[in-house]
file final_38.cif (mmCIF, N, CA and C atoms)
data_coords
#
loop_
_atom_site.label_atom_id
_atom_site.label_comp_id
_atom_site.auth_asym_id
_atom_site.auth_seq_id
_atom_site.Cartn_x
_atom_site.Cartn_y
_atom_site.Cartn_z
N MET A 1 156.88 81.75 99.40
CA MET A 1 155.44 81.76 99.27
C MET A 1 154.86 82.72 100.31
N SER A 2 153.98 83.61 99.86
CA SER A 2 153.40 84.59 100.79
C SER A 2 152.13 84.04 101.42
N LYS A 3 151.84 84.50 102.61
CA LYS A 3 150.66 84.07 103.35
C LYS A 3 149.52 85.03 103.04
N GLN A 4 148.34 84.51 102.79
CA GLN A 4 147.17 85.34 102.51
C GLN A 4 146.16 85.21 103.64
N THR A 5 145.56 86.33 103.96
CA THR A 5 144.50 86.36 104.97
C THR A 5 143.25 86.90 104.32
N ARG A 6 142.15 86.21 104.50
CA ARG A 6 140.88 86.66 103.94
C ARG A 6 140.01 87.18 105.08
N ILE A 7 139.50 88.38 104.93
CA ILE A 7 138.61 88.99 105.91
C ILE A 7 137.25 89.16 105.26
N THR A 8 136.23 88.64 105.92
CA THR A 8 134.86 88.76 105.42
C THR A 8 134.08 89.65 106.36
N ILE A 9 133.43 90.64 105.79
CA ILE A 9 132.61 91.56 106.59
C ILE A 9 131.16 91.39 106.15
N GLU A 10 130.31 91.07 107.12
CA GLU A 10 128.88 90.95 106.84
C GLU A 10 128.17 92.19 107.34
N THR A 11 127.28 92.70 106.53
CA THR A 11 126.51 93.86 106.94
C THR A 11 125.03 93.60 106.68
N GLU A 12 124.21 94.30 107.40
CA GLU A 12 122.78 94.25 107.19
C GLU A 12 122.28 95.68 107.09
N SER A 13 121.20 95.85 106.37
CA SER A 13 120.64 97.19 106.25
C SER A 13 119.12 97.10 106.32
N LEU A 14 118.54 98.20 106.68
CA LEU A 14 117.09 98.32 106.75
C LEU A 14 116.72 99.60 106.04
N LEU A 15 115.85 99.51 105.08
CA LEU A 15 115.42 100.66 104.31
C LEU A 15 113.96 100.92 104.59
N ILE A 16 113.66 102.13 105.00
CA ILE A 16 112.27 102.51 105.23
C ILE A 16 111.94 103.59 104.22
N LEU A 17 110.96 103.31 103.39
CA LEU A 17 110.52 104.27 102.39
C LEU A 17 109.30 105.00 102.92
N ARG A 18 109.32 106.29 102.80
CA ARG A 18 108.18 107.09 103.26
C ARG A 18 107.57 107.81 102.06
N GLY A 19 106.28 107.80 102.03
CA GLY A 19 105.58 108.51 100.96
C GLY A 19 105.54 110.00 101.26
N ARG A 20 104.92 110.71 100.38
CA ARG A 20 104.81 112.16 100.57
C ARG A 20 103.96 112.52 101.78
N THR A 21 102.98 111.69 102.01
CA THR A 21 102.11 111.96 103.16
C THR A 21 102.28 110.84 104.18
N SER A 22 102.96 111.13 105.23
CA SER A 22 103.10 110.12 106.29
C SER A 22 102.03 110.38 107.34
N ARG A 23 101.65 109.33 108.02
CA ARG A 23 100.61 109.43 109.05
C ARG A 23 101.26 109.38 110.42
N HIS A 24 100.81 110.25 111.30
CA HIS A 24 101.26 110.28 112.68
C HIS A 24 100.05 110.16 113.58
N ILE A 25 100.18 109.31 114.60
CA ILE A 25 99.11 109.17 115.58
C ILE A 25 99.75 109.08 116.96
N TRP A 26 98.93 109.17 117.98
CA TRP A 26 99.39 108.99 119.35
C TRP A 26 99.41 107.49 119.64
N CYS A 27 100.56 106.99 120.09
CA CYS A 27 100.69 105.58 120.46
C CYS A 27 100.70 105.50 121.98
N PRO A 28 99.68 104.91 122.58
CA PRO A 28 99.65 104.82 124.04
C PRO A 28 100.75 103.94 124.62
N HIS A 29 101.26 102.99 123.83
CA HIS A 29 102.34 102.12 124.32
C HIS A 29 103.67 102.87 124.35
N CYS A 30 103.92 103.69 123.32
CA CYS A 30 105.16 104.49 123.25
C CYS A 30 105.03 105.78 124.05
N VAL A 31 103.80 106.14 124.36
CA VAL A 31 103.48 107.41 125.03
C VAL A 31 104.10 108.57 124.25
N ALA A 32 103.83 108.56 122.94
CA ALA A 32 104.37 109.59 122.06
C ALA A 32 103.60 109.59 120.74
N GLU A 33 103.74 110.69 120.02
CA GLU A 33 103.21 110.73 118.66
C GLU A 33 104.21 110.01 117.76
N VAL A 34 103.72 109.04 116.99
CA VAL A 34 104.61 108.19 116.19
C VAL A 34 104.13 108.15 114.75
N GLU A 35 105.04 107.78 113.89
CA GLU A 35 104.68 107.54 112.50
C GLU A 35 104.15 106.12 112.40
N VAL A 36 103.15 105.91 111.58
CA VAL A 36 102.53 104.60 111.43
C VAL A 36 102.51 104.19 109.97
N ILE A 37 102.39 102.90 109.76
CA ILE A 37 102.25 102.34 108.42
C ILE A 37 101.05 101.41 108.42
N ALA A 38 100.29 101.44 107.34
CA ALA A 38 99.12 100.58 107.24
C ALA A 38 99.57 99.13 107.14
N LEU A 39 98.83 98.25 107.79
CA LEU A 39 99.17 96.83 107.83
C LEU A 39 99.31 96.27 106.42
N GLU A 40 98.44 96.66 105.51
CA GLU A 40 98.53 96.12 104.15
C GLU A 40 99.79 96.60 103.43
N GLU A 41 100.39 97.70 103.87
CA GLU A 41 101.64 98.17 103.28
C GLU A 41 102.85 97.45 103.85
N VAL A 42 102.74 96.89 105.03
CA VAL A 42 103.86 96.17 105.64
C VAL A 42 104.22 94.96 104.80
N GLY A 43 103.23 94.25 104.29
CA GLY A 43 103.48 93.07 103.46
C GLY A 43 104.21 93.41 102.19
N VAL A 44 103.98 94.58 101.66
CA VAL A 44 104.64 95.00 100.42
C VAL A 44 106.13 95.22 100.65
N ILE A 45 106.50 95.74 101.82
CA ILE A 45 107.90 96.07 102.06
C ILE A 45 108.67 94.94 102.73
N SER A 46 107.99 93.89 103.11
CA SER A 46 108.64 92.81 103.85
C SER A 46 109.26 91.80 102.90
N ASN A 47 110.44 91.30 103.28
CA ASN A 47 111.05 90.21 102.52
C ASN A 47 110.93 88.89 103.27
N LEU A 48 110.05 88.84 104.24
CA LEU A 48 109.82 87.62 105.02
C LEU A 48 108.91 86.67 104.25
N ASP A 49 109.07 85.38 104.51
CA ASP A 49 108.11 84.45 103.92
C ASP A 49 106.79 84.60 104.65
N GLN A 50 105.73 84.03 104.09
CA GLN A 50 104.38 84.26 104.60
C GLN A 50 104.21 83.86 106.06
N SER A 51 104.73 82.71 106.48
CA SER A 51 104.54 82.27 107.87
C SER A 51 105.30 83.17 108.84
N ALA A 52 106.51 83.59 108.49
CA ALA A 52 107.28 84.49 109.35
C ALA A 52 106.59 85.85 109.42
N PHE A 53 106.07 86.30 108.30
CA PHE A 53 105.36 87.58 108.27
C PHE A 53 104.13 87.55 109.17
N GLU A 54 103.38 86.45 109.14
CA GLU A 54 102.19 86.33 109.99
C GLU A 54 102.58 86.31 111.47
N GLN A 55 103.70 85.67 111.81
CA GLN A 55 104.18 85.69 113.20
C GLN A 55 104.48 87.12 113.63
N TRP A 56 105.14 87.87 112.77
CA TRP A 56 105.47 89.26 113.08
C TRP A 56 104.20 90.08 113.30
N VAL A 57 103.27 89.95 112.38
CA VAL A 57 102.04 90.75 112.45
C VAL A 57 101.24 90.41 113.69
N ASN A 58 101.22 89.16 114.08
CA ASN A 58 100.44 88.73 115.25
C ASN A 58 101.21 88.88 116.55
N SER A 59 102.43 89.37 116.49
CA SER A 59 103.24 89.54 117.68
C SER A 59 102.66 90.63 118.59
N PRO A 60 102.58 90.38 119.88
CA PRO A 60 102.08 91.41 120.80
C PRO A 60 103.06 92.58 120.93
N GLU A 61 104.26 92.42 120.40
CA GLU A 61 105.25 93.49 120.47
C GLU A 61 104.95 94.63 119.50
N LEU A 62 104.14 94.38 118.48
CA LEU A 62 103.78 95.43 117.54
C LEU A 62 102.59 96.22 118.08
N HIS A 63 102.72 97.53 118.08
CA HIS A 63 101.65 98.40 118.55
C HIS A 63 100.71 98.67 117.38
N ARG A 64 99.43 98.43 117.60
CA ARG A 64 98.43 98.58 116.55
C ARG A 64 97.36 99.59 116.93
N SER A 65 96.81 100.22 115.90
CA SER A 65 95.64 101.08 116.05
C SER A 65 94.74 100.84 114.85
N GLU A 66 93.47 101.13 115.02
CA GLU A 66 92.54 100.98 113.90
C GLU A 66 91.98 102.33 113.52
N THR A 67 91.83 102.53 112.22
CA THR A 67 91.22 103.76 111.71
C THR A 67 89.70 103.57 111.74
N PRO A 68 88.95 104.67 111.65
CA PRO A 68 87.49 104.53 111.61
C PRO A 68 87.00 103.66 110.44
N SER A 69 87.79 103.61 109.36
CA SER A 69 87.40 102.79 108.20
C SER A 69 87.74 101.31 108.39
N GLY A 70 88.43 100.96 109.50
CA GLY A 70 88.74 99.57 109.79
C GLY A 70 90.14 99.14 109.39
N SER A 71 90.93 100.05 108.83
CA SER A 71 92.31 99.72 108.45
C SER A 71 93.18 99.66 109.70
N THR A 72 94.10 98.70 109.76
CA THR A 72 95.00 98.55 110.89
C THR A 72 96.30 99.29 110.62
N LEU A 73 96.73 100.08 111.60
CA LEU A 73 97.98 100.84 111.50
C LEU A 73 98.99 100.26 112.48
N ILE A 74 100.24 100.15 112.04
CA ILE A 74 101.32 99.63 112.87
C ILE A 74 102.28 100.76 113.20
N CYS A 75 102.62 100.88 114.48
CA CYS A 75 103.57 101.88 114.96
C CYS A 75 104.96 101.53 114.43
N LEU A 76 105.60 102.47 113.73
CA LEU A 76 106.93 102.19 113.17
C LEU A 76 107.98 101.99 114.26
N ASN A 77 107.82 102.66 115.41
CA ASN A 77 108.78 102.45 116.51
C ASN A 77 108.78 101.00 116.95
N SER A 78 107.59 100.42 117.10
CA SER A 78 107.51 99.03 117.54
C SER A 78 107.98 98.09 116.44
N LEU A 79 107.72 98.43 115.19
CA LEU A 79 108.18 97.60 114.09
C LEU A 79 109.71 97.59 114.02
N LEU A 80 110.33 98.74 114.19
CA LEU A 80 111.79 98.81 114.18
C LEU A 80 112.40 98.07 115.37
N ALA A 81 111.77 98.18 116.53
CA ALA A 81 112.25 97.45 117.71
C ALA A 81 112.17 95.94 117.47
N ARG A 82 111.11 95.49 116.82
CA ARG A 82 110.95 94.07 116.50
C ARG A 82 112.02 93.61 115.52
N VAL A 83 112.36 94.45 114.56
CA VAL A 83 113.41 94.11 113.59
C VAL A 83 114.75 93.97 114.32
N GLN A 84 115.06 94.90 115.21
CA GLN A 84 116.32 94.85 115.92
C GLN A 84 116.39 93.63 116.84
N LYS A 85 115.28 93.27 117.45
CA LYS A 85 115.26 92.10 118.33
C LYS A 85 115.50 90.83 117.53
N THR A 86 114.92 90.75 116.34
CA THR A 86 115.08 89.58 115.49
C THR A 86 116.54 89.42 115.05
N LYS A 87 117.23 90.51 114.81
CA LYS A 87 118.63 90.44 114.38
C LYS A 87 119.53 89.86 115.45
N THR A 88 119.16 90.06 116.72
CA THR A 88 120.02 89.58 117.81
C THR A 88 119.77 88.13 118.16
N ILE A 89 118.70 87.56 117.68
CA ILE A 89 118.35 86.17 118.01
C ILE A 89 119.15 85.22 117.14
#
call {"tool": "encode", "arguments": {"input": "final_38.cif", "output": "structure tokens"}}
result
Amino acid sequence: MSKQTRITIETESLLILRGRTSRHIWCPHCVAEVEVIALEEVGVISNLDQSAFEQWVNSPELHRSETPSGSTLICLNSLLARVQKTKTI
């Protein structure tokens, strides 16, 4: 009788889709010009449940800016850092 060994490999991936026109602004927290995503677009790309999503959005770790029209923009650098931090917890 031969011995069998089963190896399981778990992987995770993150996909960021960018439109034809990406927005760049100066982020005072990153001290750099960064790409941003509108807050209303974050919900579309998120697979989090509503309560987890609200925790993320209200997190002080996300860098935010407001447009003159009142739309909230999220710094992608801070969003990616938040994703990486969540994976390690």
call {"tool": "resolve_selection", "arguments": {"input": "final_38.cif", "expression": "the PyMOL selection byres ((chain A and resi 61) around 7)", "output": "mmCIF file with N, CA and C atoms, in the coordinates of the input"}}
result
data_model
loop_
_atom_site.group_PDB
_atom_site.id
_atom_site.type_symbol
_atom_site.label_atom_id
_atom_site.label_comp_id
_atom_site.auth_asym_id
_atom_site.auth_seq_id
_atom_site.Cartn_x
_atom_site.Cartn_y
_atom_site.Cartn_z
ATOM 1 N N ASN A 58 101.220 89.160 114.080
ATOM 2 C CA ASN A 58 100.440 88.730 115.250
ATOM 3 C C ASN A 58 101.210 88.880 116.550
ATOM 4 N N SER A 59 102.430 89.370 116.490
ATOM 5 C CA SER A 59 103.240 89.540 117.680
ATOM 6 C C SER A 59 102.660 90.630 118.590
ATOM 7 N N PRO A 60 102.580 90.380 119.880
ATOM 8 C CA PRO A 60 102.080 91.410 120.800
ATOM 9 C C PRO A 60 103.060 92.580 120.930
ATOM 10 N N LEU A 62 104.140 94.380 118.480
ATOM 11 C CA LEU A 62 103.780 95.430 117.540
ATOM 12 C C LEU A 62 102.590 96.220 118.080
ATOM 13 N N HIS A 63 102.720 97.530 118.080
ATOM 14 C CA HIS A 63 101.650 98.400 118.550
ATOM 15 C C HIS A 63 100.710 98.670 117.380
ATOM 16 N N ARG A 64 99.430 98.430 117.600
ATOM 17 C CA ARG A 64 98.430 98.580 116.550
ATOM 18 C C ARG A 64 97.360 99.590 116.930
ATOM 19 N N SER A 78 107.590 100.420 117.100
ATOM 20 C CA SER A 78 107.510 99.030 117.540
ATOM 21 C C SER A 78 107.980 98.090 116.440
ATOM 22 N N LEU A 79 107.720 98.430 115.190
ATOM 23 C CA LEU A 79 108.180 97.600 114.090
ATOM 24 C C LEU A 79 109.710 97.590 114.020
ATOM 25 N N ARG A 82 111.110 95.490 116.820
ATOM 26 C CA ARG A 82 110.950 94.070 116.500
ATOM 27 C C ARG A 82 112.020 93.610 115.520
#
call {"tool": "atom_distance", "arguments": {"input": "final_38.cif", "atom1": "CA of Glu66 (chain A)", "atom2": "CA of Ala32 (chain A)"}}
result
16.8 Å
call {"tool": "atom_distance", "arguments": {"input": "final_38.cif", "atom1": "CA of Cys75 (chain A)", "atom2": "CA of Cys27 (chain A)"}}
result
7.2 Å
call {"tool": "resolve_selection", "arguments": {"input": "final_38.cif", "expression": "the PyMOL selection byres (((chain A and resi 38 and name CA) around 7) and name CA)", "output": "PyMOL selection string"}}
result
chain A and resi 36-37+39-42+71-74
call {"tool": "atom_distance", "arguments": {"input": "final_38.cif", "atom1": "CA of Phe53 (chain A)", "atom2": "CA of Leu76 (chain A)"}}
result
15.5 Å
call {"tool": "resolve_selection", "arguments": {"input": "final_38.cif", "expression": "the PyMOL selection byres (((chain A and resi 24 and name CA) around 8) and name CA)", "output": "PyMOL selection string"}}
result
chain A and resi 22-23+25-26+33-36
